[in-house]
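Chemist: Next up, structure35.tsv (TSV, C-alpha atoms and all ligand atoms).
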chain	number	residue	atom	x	y	z
A	19	MET	CA	81.12	40.66	122.56
A	20	THR	CA	79.48	44.07	122.17
A	21	TYR	CA	81.78	45.01	119.28
A	22	GLU	CA	80.48	42.07	117.24
A	23	ALA	CA	76.93	42.77	118.42
A	24	VAL	CA	77.24	46.40	117.28
A	25	HIS	CA	78.45	45.21	113.87
A	26	GLN	CA	75.49	42.87	113.56
A	27	ALA	CA	73.00	45.58	114.50
A	28	VAL	CA	74.53	48.05	112.02
A	29	THR	CA	74.57	45.45	109.24
A	30	VAL	CA	70.82	44.97	109.71
A	31	ILE	CA	70.14	48.73	109.89
A	32	ARG	CA	72.19	49.32	106.71
A	33	SER	CA	70.30	46.57	104.88
A	34	TYR	CA	67.20	48.82	105.01
A	35	LEU	CA	69.03	51.87	103.65
A	36	PRO	CA	70.62	53.04	100.40
A	37	GLU	CA	74.39	52.55	100.41
A	38	ASP	CA	75.16	56.24	100.09
A	39	PHE	CA	73.12	57.14	103.19
A	40	ILE	CA	75.62	58.07	105.93
A	41	PRO	CA	73.86	59.41	109.01
A	42	LYS	CA	75.51	62.37	110.74
A	43	LEU	CA	73.27	62.88	113.73
A	44	GLY	CA	71.94	60.25	116.13
A	45	ILE	CA	68.85	61.20	118.10
A	46	ILE	CA	67.41	59.51	121.18
A	47	LEU	CA	63.94	60.68	122.11
A	48	GLY	CA	62.50	60.68	125.62
A	49	SER	CA	59.03	59.83	126.94
A	50	GLY	CA	56.25	61.49	124.98
A	51	LEU	CA	58.76	63.16	122.65
A	52	GLY	CA	58.45	60.76	119.73
A	53	ASP	CA	56.77	63.39	117.50
A	54	LEU	CA	60.07	64.42	116.00
A	55	GLY	CA	60.12	61.14	114.07
A	56	GLU	CA	57.15	62.36	112.02
A	57	HIS	CA	59.18	65.30	110.76
A	58	ILE	CA	61.89	63.08	109.33
A	59	ASP	CA	61.70	62.31	105.60
A	60	GLN	CA	61.81	58.61	106.25
A	61	LEU	CA	63.86	56.11	104.30
A	62	ALA	CA	63.16	53.34	106.80
A	63	CYS	CA	61.36	52.72	110.05
A	64	ILE	CA	62.71	49.60	111.74
A	65	SER	CA	61.16	47.99	114.81
A	66	TYR	CA	63.70	47.34	117.56
A	67	LYS	CA	62.58	43.72	117.52
A	68	ASP	CA	64.12	43.40	114.05
A	69	ILE	CA	67.51	44.79	115.11
A	70	PRO	CA	69.71	42.30	116.98
A	71	GLY	CA	70.73	43.53	120.42
A	72	PHE	CA	68.09	46.27	120.57
A	73	HIS	CA	65.64	46.19	123.45
A	74	ILE	CA	62.01	47.34	123.40
A	75	SER	CA	61.10	49.72	126.21
A	76	SER	CA	58.21	48.69	128.43
A	77	VAL	CA	57.41	52.30	129.29
A	78	PRO	CA	54.30	53.99	127.80
A	79	GLY	CA	55.29	56.85	125.49
A	80	HIS	CA	58.22	54.97	123.87
A	81	ALA	CA	57.53	53.61	120.39
A	82	GLY	CA	60.46	51.18	120.10
A	83	GLN	CA	61.56	51.87	116.54
A	84	LEU	CA	64.49	53.34	114.68
A	85	VAL	CA	63.65	55.96	112.09
A	86	ALA	CA	66.26	56.66	109.42
A	87	GLY	CA	66.04	59.53	106.98
A	88	TYR	CA	66.56	63.23	106.47
A	89	LEU	CA	65.65	65.89	109.00
A	90	GLN	CA	65.78	69.26	107.26
A	91	GLY	CA	68.22	67.72	104.78
A	92	LEU	CA	70.44	66.22	107.48
A	93	PRO	CA	70.86	62.43	107.42
A	94	VAL	CA	69.80	61.13	110.85
A	95	LEU	CA	69.15	57.94	112.76
A	96	CYS	CA	66.50	58.49	115.39
A	97	LEU	CA	65.72	56.10	118.25
A	98	GLN	CA	62.03	56.63	118.99
A	99	GLY	CA	61.97	55.23	122.46
A	100	ARG	CA	64.77	54.55	124.86
A	101	VAL	CA	65.43	51.95	127.50
A	102	HIS	CA	66.12	52.63	131.17
A	103	PHE	CA	68.01	50.64	133.76
A	104	TYR	CA	64.95	50.64	136.07
A	105	GLU	CA	63.20	48.40	133.52
A	106	GLY	CA	65.84	45.76	134.15
A	107	THR	CA	67.28	46.45	130.69
A	108	PRO	CA	70.47	44.45	130.17
A	109	VAL	CA	73.38	46.87	130.02
A	110	ASP	CA	74.49	45.21	126.75
A	111	SER	CA	71.35	46.46	124.97
A	112	MET	CA	72.01	50.00	126.05
A	113	ARG	CA	75.60	49.67	124.83
A	114	VAL	CA	74.60	48.23	121.46
A	115	MET	CA	71.92	50.88	120.85
A	116	VAL	CA	74.23	53.85	121.43
A	117	ARG	CA	77.31	52.34	119.79
A	118	ALA	CA	75.29	51.29	116.73
A	119	LEU	CA	74.44	54.95	116.09
A	120	GLN	CA	78.14	55.85	116.23
A	121	HIS	CA	79.24	52.84	114.19
A	122	ALA	CA	76.68	53.66	111.49
A	123	GLY	CA	78.32	57.07	111.06
A	124	CYS	CA	76.71	59.48	113.55
A	125	GLU	CA	79.36	61.81	114.93
A	126	THR	CA	76.96	63.65	117.18
A	127	LEU	CA	74.25	62.42	119.54
A	128	LEU	CA	71.27	64.54	120.50
A	129	LEU	CA	69.21	63.29	123.42
A	130	THR	CA	65.92	64.55	124.77
A	131	ASN	CA	64.25	63.68	128.03
A	132	ALA	CA	61.60	64.70	130.50
A	133	ALA	CA	62.95	65.99	133.80
A	134	GLY	CA	61.81	67.46	137.08
A	135	SER	CA	63.09	70.89	138.07
A	136	LEU	CA	65.15	71.28	141.22
A	137	ASN	CA	65.64	74.96	140.53
A	138	ALA	CA	62.86	77.25	141.72
A	139	ASP	CA	63.70	79.67	138.88
A	140	VAL	CA	63.12	77.00	136.21
A	141	PRO	CA	59.39	76.21	136.13
A	142	PRO	CA	57.65	73.34	134.31
A	143	GLY	CA	57.20	74.13	130.63
A	144	ARG	CA	60.78	75.28	130.08
A	145	LEU	CA	63.46	73.58	127.99
A	146	MET	CA	66.88	73.11	129.57
A	147	LEU	CA	70.18	72.27	127.92
A	148	ILE	CA	72.25	69.93	130.06
A	149	LYS	CA	75.70	71.37	130.73
A	150	ASP	CA	76.86	68.65	133.14
A	151	HIS	CA	75.47	65.73	135.10
A	152	ILE	CA	75.72	63.95	138.43
A	153	ASN	CA	75.49	60.18	138.04
A	154	PHE	CA	73.50	58.95	141.03
A	155	GLN	CA	72.29	55.77	139.31
A	156	ALA	CA	74.81	53.62	141.19
A	157	ILE	CA	75.61	52.01	137.86
A	158	ASN	CA	78.02	52.86	135.08
A	159	PRO	CA	77.47	51.29	131.64
A	160	LEU	CA	81.25	50.96	131.11
A	161	VAL	CA	81.75	48.57	134.04
A	162	GLY	CA	83.25	45.31	132.79
A	163	PRO	CA	86.01	44.47	130.33
A	164	ASN	CA	86.91	47.38	128.05
A	165	ASP	CA	87.18	46.97	124.29
A	166	GLU	CA	89.81	49.40	122.99
A	167	ARG	CA	88.27	49.18	119.50
A	168	ILE	CA	85.32	51.08	120.96
A	169	GLY	CA	87.02	53.50	123.35
A	170	PRO	CA	89.64	53.81	126.08
A	171	ARG	CA	89.40	52.27	129.56
A	172	PHE	CA	89.42	55.58	131.41
A	173	ILE	CA	87.74	58.68	130.02
A	174	ALA	CA	87.71	62.26	131.21
A	175	MET	CA	84.23	63.61	131.91
A	176	ASN	CA	84.93	67.34	132.04
A	177	LYS	CA	83.91	68.20	128.47
A	178	VAL	CA	81.03	65.84	127.80
A	179	TYR	CA	78.25	68.23	126.82
A	180	ASP	CA	79.76	69.92	123.78
A	181	GLU	CA	80.24	73.64	124.35
A	182	ASP	CA	79.99	74.64	120.68
A	183	LEU	CA	76.76	72.71	120.23
A	184	ARG	CA	75.28	74.32	123.32
A	185	LYS	CA	76.27	77.73	121.97
A	186	LYS	CA	74.57	76.84	118.70
A	187	PHE	CA	71.38	75.82	120.52
A	188	HIS	CA	71.35	79.13	122.40
A	189	GLU	CA	71.76	81.04	119.13
A	190	ILE	CA	68.91	79.11	117.57
A	191	ALA	CA	66.68	79.55	120.64
A	192	ALA	CA	67.27	83.32	120.40
A	193	THR	CA	65.96	83.30	116.81
A	194	MET	CA	62.78	81.64	118.15
A	195	ASP	CA	62.40	84.01	121.10
A	196	LEU	CA	62.67	80.91	123.26
A	197	LYS	CA	64.01	80.99	126.79
A	198	LEU	CA	66.43	78.08	126.87
A	199	GLU	CA	67.79	77.24	130.31
A	200	GLU	CA	71.07	75.50	130.99
A	201	GLY	CA	71.85	73.40	134.03
A	202	VAL	CA	73.08	70.27	135.78
A	203	TYR	CA	71.09	67.04	135.36
A	204	PHE	CA	70.90	64.65	138.26
A	205	GLY	CA	70.52	61.05	137.05
A	206	VAL	CA	68.68	58.70	139.39
A	207	LEU	CA	67.86	55.04	138.83
A	208	GLY	CA	64.11	55.23	139.51
A	209	PRO	CA	61.49	53.92	139.03
A	210	THR	CA	60.22	55.63	142.19
A	211	PHE	CA	60.03	59.38	142.11
A	212	GLU	CA	62.05	61.00	144.85
A	213	THR	CA	61.09	61.79	148.41
A	214	PRO	CA	61.01	65.46	149.41
A	215	ALA	CA	64.09	64.82	151.60
A	216	GLU	CA	65.99	63.42	148.62
A	217	ILE	CA	65.06	66.44	146.51
A	218	ARG	CA	66.26	68.80	149.26
A	219	ALA	CA	69.55	66.88	149.38
A	220	PHE	CA	70.03	66.84	145.60
A	221	ARG	CA	69.40	70.58	145.38
A	222	ILE	CA	72.20	71.14	147.88
A	223	LEU	CA	74.46	68.94	145.71
A	224	GLY	CA	74.09	71.43	142.86
A	225	ALA	CA	71.51	69.86	140.53
A	226	ASP	CA	69.01	71.87	138.47
A	227	ALA	CA	66.98	68.99	137.02
A	228	ILE	CA	66.37	65.33	137.75
A	229	GLY	CA	65.49	62.29	135.69
A	230	MET	CA	65.84	58.53	135.30
A	231	SER	CA	67.52	58.34	131.89
A	232	THR	CA	70.17	59.93	129.67
A	233	VAL	CA	73.28	59.61	131.88
A	234	PRO	CA	74.24	56.05	130.79
A	235	GLU	CA	73.68	56.85	127.10
A	236	VAL	CA	75.74	60.02	127.44
A	237	ILE	CA	78.60	58.08	129.07
A	238	LEU	CA	78.49	55.47	126.29
A	239	ALA	CA	78.40	58.10	123.55
A	240	HIS	CA	81.29	60.04	125.06
A	241	HIS	CA	83.30	56.82	125.44
A	242	CYS	CA	83.01	56.01	121.73
A	243	GLY	CA	83.92	59.57	120.73
A	244	MET	CA	80.56	61.15	119.88
A	245	LYS	CA	79.79	64.79	120.53
A	246	VAL	CA	76.82	65.05	122.86
A	247	VAL	CA	74.05	67.58	123.26
A	248	CYS	CA	70.99	67.09	125.41
A	249	VAL	CA	67.74	68.98	125.93
A	250	SER	CA	65.45	68.33	128.90
A	251	VAL	CA	61.79	69.20	128.89
A	252	ILE	CA	60.98	70.36	132.40
A	253	THR	CA	57.69	68.69	133.26
A	254	ASN	CA	57.33	69.32	137.00
A	255	TYR	CA	58.98	70.65	140.13
A	256	GLY	CA	60.84	68.06	142.18
A	257	SER	CA	58.90	66.19	144.82
A	258	GLY	CA	57.99	68.38	147.78
A	259	MET	CA	58.88	71.67	146.06
A	260	VAL	CA	55.18	72.17	145.43
A	261	ASP	CA	52.16	70.36	146.86
A	262	GLU	CA	51.37	67.77	144.17
A	263	VAL	CA	51.68	64.04	143.67
A	264	LEU	CA	53.92	63.16	140.70
A	265	THR	CA	52.73	60.78	137.98
A	266	HIS	CA	54.33	59.55	134.76
A	267	GLU	CA	51.13	60.37	132.84
A	268	GLN	CA	51.33	64.00	133.92
A	269	HIS	CA	54.88	64.13	132.55
A	270	VAL	CA	53.84	62.63	129.22
A	271	VAL	CA	51.02	65.23	128.93
A	272	MET	CA	53.48	68.03	129.69
A	273	THR	CA	56.08	66.75	127.22
A	274	LYS	CA	53.38	66.53	124.55
A	275	MET	CA	52.51	70.17	125.23
A	276	MET	CA	56.16	71.16	124.83
A	277	SER	CA	56.90	68.86	121.95
A	278	GLY	CA	56.07	71.41	119.21
A	279	THR	CA	58.65	73.86	120.55
A	280	LEU	CA	61.25	71.13	120.96
A	281	VAL	CA	60.63	69.82	117.44
A	282	GLU	CA	61.06	73.35	116.06
A	283	LEU	CA	64.31	73.81	118.00
A	284	VAL	CA	65.73	70.48	116.83
A	285	GLN	CA	64.63	71.07	113.23
A	286	ARG	CA	66.42	74.42	113.16
A	287	PHE	CA	69.50	72.77	114.65
A	288	ALA	CA	69.43	70.00	112.02
A	289	LYS	CA	69.01	72.56	109.24
A	290	ASP	CA	72.01	74.49	110.51
A	291	MET	CA	74.06	71.29	110.72
A	292	ALA	CA	72.99	70.28	107.19
A	293	ASN	CA	74.05	73.70	105.88
A	294	HIS	CA	77.49	73.25	107.39
A	295	GLU	CA	78.05	69.74	106.00
B	301	LIG	N1	61.98	62.81	139.03
B	301	LIG	C1	62.57	61.84	138.30
B	301	LIG	N2	62.38	61.69	137.00
B	301	LIG	C2	61.56	62.55	136.38
B	301	LIG	C3	60.92	63.59	137.07
B	301	LIG	C4	61.15	63.73	138.47
B	301	LIG	O1	60.63	64.63	139.15
B	301	LIG	N3	60.17	64.29	136.18
B	301	LIG	C5	60.37	63.68	134.97
B	301	LIG	N4	61.20	62.63	135.09
Output the file's structure as structure tokens, nothing else.
Ligand code: HPA

Modeler:
Amino acid sequence: MTYEAVHQAVTVIRSYLPEDFIPKLGIILGSGLGDLGEHIDQLACISYKDIPGFHISSVPGHAGQLVAGYLQGLPVLCLQGRVHFYEGTPVDSMRVMVRALQHAGCETLLLTNAAGSLNADVPPGRLMLIKDHINFQAINPLVGPNDERIGPRFIAMNKVYDEDLRKKFHEIAATMDLKLEEGVYFGVLGPTFETPAEIRAFRILGADAIGMSTVPEVILAHHCGMKVVCVSVITNYGSGMVDEVLTHEQHVVMTKMMSGTLVELVQRFAKDMANHE
């Protein structure tokens, strides 16, 4: 079912684009991080409601549109706004959205998100590359019949966050004098933020950052053979690490503050990728 659904979605996306446009990089933007879309030389901006199988996020800070065009000369498809399982999003939508990027031609997927820090040495305002994750969402987007045309039944998860791409990001960050952290992302279902006891437990489990997104998309992308790279914007310390009450709005404000730096980092990455095409 999803294979046909992916085809349908890609047929619609392609109908908005010149035939010779083959996107190389898929981008999924997190809450409050939609600004990047404005830096793309746009060929098309398609509302999710016009793409079969795509699902509009109910969360403030997510635009719900696909932007296609050139970022620093690199052909990209950018999802401005993502869906989360805590919204009650059908798993099929999540599958179609990620697989459509791959099916349209994107070999690499770049994801951004907002995350809380579980590491006292990584304060809010930093950017962190994800080097590994712990899936604590109690859900895996690959549960159900497997379609071998998309990917294999069982997949190794030891080399998910591409080492060469992370190296590239570090090199680029160095040219910007930017301190780029690297750590383990702990994926929770949400929508509640964590209790202080949960945060204490997750820190012991080896996590550096926590958030309610990204993990299912990363699993789907890895399953269909995409290279994955992911940057978290650290918006807050985990619950109980400091004396404050967490709010989504506060995270959106923080991501907006950091968005310029993130946009610069991603633009330099896209330029480098375009130069190596
Ligand atoms: N917990 C879960 N998700 C988040 C957080 C957090 O502290 N910050 C941003 N997204």

Chemist: Work out how far CA of Val85 in chain A is from CA of Phe287 in chain A, in Å to one decimal.

Modeler: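 Going from CA of Phe287 in chain A over to CA of Val85 in chain A, I get 18.0 Å.
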
Chemist: Show me which residues sit within 7 Å of ligand LIG 301 (chain B) when counting only C-alpha atoms and all ligand atoms, and put them as number ranges by chain.

Modeler: A: 132-135, 206, 208, 211-212, 228-230, 253-257, 269

Chemist: My list of candidates is A:Met175, A:Ala239, A:Val202, A:Val94. Which is closest to Val116 in chain A when distances are computed with all atoms listed in the file?

Modeler: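 Smallest distance to Val116 in chain A is found for A:Ala239.
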
Chemist: Tell me which of A:Leu196, A:Ala191, A:Met112, A:Leu119 sits closest to Ile237 in chain A, counting all atoms listed in the file.

Modeler: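 Counting all atoms listed in the file, the residue closest to Ile237 in chain A is A:Met112.
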
Chemist: Using all atoms listed in the file, which residues sit within 10 Å of Leu61 in chain A once same-chain residues fewer than 4 positions away are excluded, as a PyMOL selection string?

Modeler: chain A and resi 34-36+39+85-88+93

Chemist: Between CA of Ile222 in chain A and CA of Pro234 in chain A, what is the spacing in Å?

Modeler: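 Those two atoms sit 22.9 Å apart.
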
Chemist: May I ask for the distance between CA of Arg113 in chain A and CA of Val24 in chain A, given in Å to one decimal place?

Modeler: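 It comes out at 8.4 Å.
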
Chemist: Which of these residues is nearest to Val251 in chain A, using only C-alpha atoms: A:Thr210, A:Asn164, A:Asn131, A:Thr29?

Modeler: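 With only C-alpha atoms as the atom set, the closest residue is A:Asn131.
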
Chemist: Considering only C-alpha atoms, can you say which of A:Arg144, A:Arg100, A:Arg32, A:Lys67 comes closest to Met272 in chain A?

Modeler: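 Among the listed residues, the smallest separation from Met272 in chain A belongs to A:Arg144.
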
Chemist: Can you tell me, as a list in words, what residues are no more than 8 Å from Leu136 in chain A when counting all atoms listed in the file, ignoring any on the same chain fewer than 5 positions away?

Modeler: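 The neighbour list is Ile217, Phe220, Arg221, Ala225, Asp226, Ala227, Ile228, Tyr255, Gly256 and Met259 of chain A.
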
Chemist: Can I get the selection written as a PDB file, in the coordinates of the input, with C-alpha atoms?

Modeler:
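Output below, filename part.pdb:
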ATOM      1  CA  ILE A 217      65.060  66.440 146.510  1.00  0.00           C
ATOM      2  CA  PHE A 220      70.030  66.840 145.600  1.00  0.00           C
ATOM      3  CA  ARG A 221      69.400  70.580 145.380  1.00  0.00           C
ATOM      4  CA  ALA A 225      71.510  69.860 140.530  1.00  0.00           C
ATOM      5  CA  ASP A 226      69.010  71.870 138.470  1.00  0.00           C
ATOM      6  CA  ALA A 227      66.980  68.990 137.020  1.00  0.00           C
ATOM      7  CA  ILE A 228      66.370  65.330 137.750  1.00  0.00           C
ATOM      8  CA  TYR A 255      58.980  70.650 140.130  1.00  0.00           C
ATOM      9  CA  GLY A 256      60.840  68.060 142.180  1.00  0.00           C
ATOM     10  CA  MET A 259      58.880  71.670 146.060  1.00  0.00           C
TER      11      MET A 259
END

Chemist: Please list as a list in words every residue within 12 Å of Phe172 in chain A, counting only C-alpha atoms and excluding residues in the same chain fewer than 5 positions away.

Modeler: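 The contact residues come out as Leu160, Val161, Pro163, Asn164, Asp165, Glu166, Ile237, His240, His241 and Cys242 of chain A.
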
Chemist: Of the candidates A:Ile157, A:Leu198, A:Ile152, A:Leu128, which one gets nearest to Asn176 in chain A if we count only C-alpha atoms?

Modeler: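 Looking only at the distances to Asn176 in chain A, the closest residue turns out to be A:Ile152.
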
Chemist: When you count all atoms listed in the file, which of these residues is closest to Gly224 in chain A: A:Gly278, A:His151, A:Thr273, A:Leu283?

Modeler: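 Ranked by minimum distance to Gly224 in chain A, first place goes to A:His151.
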
Chemist: Can you pull out every residue within 10 Å of His294 in chain A, counting only C-alpha atoms, but drop anything in the same chain fewer than 5 positions away, and send it as a VMD selection string?

Modeler: chain A and resid 92 288 to 289

Chemist: Would you mind listing what lies within 8 Å of Ile190 in chain A as a PDB file with C-alpha atoms, in the coordinates of the input, with all atoms listed in the file counted and same-chain residues fewer than 3 positions away left out?

Modeler:
ATOM      1  CA  LYS A 186      74.570  76.840 118.700  1.00  0.00           C
ATOM      2  CA  PHE A 187      71.380  75.820 120.520  1.00  0.00           C
ATOM      3  CA  THR A 193      65.960  83.300 116.810  1.00  0.00           C
ATOM      4  CA  MET A 194      62.780  81.640 118.150  1.00  0.00           C
ATOM      5  CA  LEU A 283      64.310  73.810 118.000  1.00  0.00           C
ATOM      6  CA  ARG A 286      66.420  74.420 113.160  1.00  0.00           C
ATOM      7  CA  PHE A 287      69.500  72.770 114.650  1.00  0.00           C
TER       8      PHE A 287
END

Chemist: Keeping all heavy atoms, write range 57-67 of chain A of the structure just shown out as an mmCIF file, in the first residue's frame.

Modeler:
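Printed below is selection.cif as written:
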data_model
loop_
_atom_site.group_PDB
_atom_site.id
_atom_site.type_symbol
_atom_site.label_atom_id
_atom_site.label_comp_id
_atom_site.auth_asym_id
_atom_site.auth_seq_id
_atom_site.Cartn_x
_atom_site.Cartn_y
_atom_site.Cartn_z
ATOM 1 N N HIS A 57 15.528 30.572 2.126
ATOM 2 C CA HIS A 57 16.846 30.688 1.483
ATOM 3 C C HIS A 57 16.972 29.763 0.282
ATOM 4 O O HIS A 57 18.025 29.694 -0.340
ATOM 5 C CB HIS A 57 17.947 30.407 2.505
ATOM 6 C CG HIS A 57 17.954 31.406 3.613
ATOM 7 N ND1 HIS A 57 18.757 32.519 3.609
ATOM 8 C CD2 HIS A 57 17.204 31.496 4.737
ATOM 9 C CE1 HIS A 57 18.523 33.242 4.691
ATOM 10 N NE2 HIS A 57 17.572 32.639 5.388
ATOM 11 N N ILE A 58 15.889 29.052 -0.017
ATOM 12 C CA ILE A 58 15.904 28.160 -1.175
ATOM 13 C C ILE A 58 15.397 28.945 -2.385
ATOM 14 O O ILE A 58 14.386 29.649 -2.290
ATOM 15 C CB ILE A 58 14.991 26.930 -0.910
ATOM 16 C CG1 ILE A 58 15.560 26.106 0.247
ATOM 17 C CG2 ILE A 58 14.824 26.070 -2.166
ATOM 18 C CD1 ILE A 58 14.661 24.983 0.739
ATOM 19 N N ASP A 59 16.122 28.858 -3.505
ATOM 20 C CA ASP A 59 15.612 29.449 -4.752
ATOM 21 C C ASP A 59 14.490 28.546 -5.224
ATOM 22 O O ASP A 59 14.736 27.468 -5.783
ATOM 23 C CB ASP A 59 16.729 29.538 -5.808
ATOM 24 C CG ASP A 59 17.849 30.453 -5.331
ATOM 25 O OD1 ASP A 59 17.540 31.464 -4.688
ATOM 26 O OD2 ASP A 59 19.024 30.113 -5.563
ATOM 27 N N GLN A 60 13.267 28.996 -4.961
ATOM 28 C CA GLN A 60 12.127 28.082 -5.073
ATOM 29 C C GLN A 60 11.652 27.869 -6.498
ATOM 30 O O GLN A 60 11.450 28.811 -7.253
ATOM 31 C CB GLN A 60 10.957 28.623 -4.241
ATOM 32 C CG GLN A 60 11.273 28.695 -2.762
ATOM 33 C CD GLN A 60 10.055 28.985 -1.902
ATOM 34 O OE1 GLN A 60 8.921 28.996 -2.388
ATOM 35 N NE2 GLN A 60 10.275 29.196 -0.623
ATOM 36 N N LEU A 61 11.426 26.603 -6.820
ATOM 37 C CA LEU A 61 10.764 26.255 -8.080
ATOM 38 C C LEU A 61 9.291 25.989 -7.802
ATOM 39 O O LEU A 61 8.441 26.211 -8.658
ATOM 40 C CB LEU A 61 11.384 24.991 -8.676
ATOM 41 C CG LEU A 61 12.837 25.105 -9.149
ATOM 42 C CD1 LEU A 61 13.366 23.743 -9.553
ATOM 43 C CD2 LEU A 61 12.941 26.075 -10.317
ATOM 44 N N ALA A 62 9.017 25.482 -6.602
ATOM 45 C CA ALA A 62 7.627 25.196 -6.225
ATOM 46 C C ALA A 62 7.498 25.168 -4.713
ATOM 47 O O ALA A 62 8.449 24.848 -3.999
ATOM 48 C CB ALA A 62 7.206 23.844 -6.802
ATOM 49 N N CYS A 63 6.312 25.559 -4.262
ATOM 50 C CA CYS A 63 5.998 25.465 -2.835
ATOM 51 C C CYS A 63 4.618 24.802 -2.774
ATOM 52 O O CYS A 63 3.626 25.391 -3.207
ATOM 53 C CB CYS A 63 5.988 26.877 -2.253
ATOM 54 S SG CYS A 63 5.588 26.889 -0.528
ATOM 55 N N ILE A 64 4.576 23.576 -2.313
ATOM 56 C CA ILE A 64 3.349 22.781 -2.419
ATOM 57 C C ILE A 64 2.789 22.511 -1.021
ATOM 58 O O ILE A 64 3.499 21.991 -0.158
ATOM 59 C CB ILE A 64 3.634 21.420 -3.118
ATOM 60 C CG1 ILE A 64 4.548 21.625 -4.337
ATOM 61 C CG2 ILE A 64 2.345 20.711 -3.494
ATOM 62 C CD1 ILE A 64 5.158 20.326 -4.871
ATOM 63 N N SER A 65 1.543 22.888 -0.813
ATOM 64 C CA SER A 65 0.919 22.612 0.488
ATOM 65 C C SER A 65 0.756 21.106 0.653
ATOM 66 O O SER A 65 0.423 20.398 -0.299
ATOM 67 C CB SER A 65 -0.444 23.298 0.547
ATOM 68 O OG SER A 65 -1.153 22.794 1.669
ATOM 69 N N TYR A 66 0.982 20.625 1.882
ATOM 70 C CA TYR A 66 0.826 19.183 2.129
ATOM 71 C C TYR A 66 -0.576 18.716 1.747
ATOM 72 O O TYR A 66 -0.762 17.567 1.390
ATOM 73 C CB TYR A 66 1.059 18.844 3.608
ATOM 74 C CG TYR A 66 2.487 18.948 4.095
ATOM 75 C CD1 TYR A 66 2.780 18.779 5.448
ATOM 76 C CD2 TYR A 66 3.548 19.203 3.228
ATOM 77 C CE1 TYR A 66 4.085 18.869 5.927
ATOM 78 C CE2 TYR A 66 4.853 19.296 3.702
ATOM 79 C CZ TYR A 66 5.113 19.132 5.053
ATOM 80 O OH TYR A 66 6.399 19.226 5.529
ATOM 81 N N LYS A 67 -1.542 19.632 1.831
ATOM 82 C CA LYS A 67 -2.919 19.176 1.552
ATOM 83 C C LYS A 67 -3.091 18.827 0.071
ATOM 84 O O LYS A 67 -4.043 18.136 -0.288
ATOM 85 C CB LYS A 67 -3.958 20.189 2.041
ATOM 86 C CG LYS A 67 -4.019 21.486 1.298
ATOM 87 C CD LYS A 67 -5.176 22.319 1.853
ATOM 88 C CE LYS A 67 -5.157 23.757 1.374
ATOM 89 N NZ LYS A 67 -4.641 24.072 0.060
#
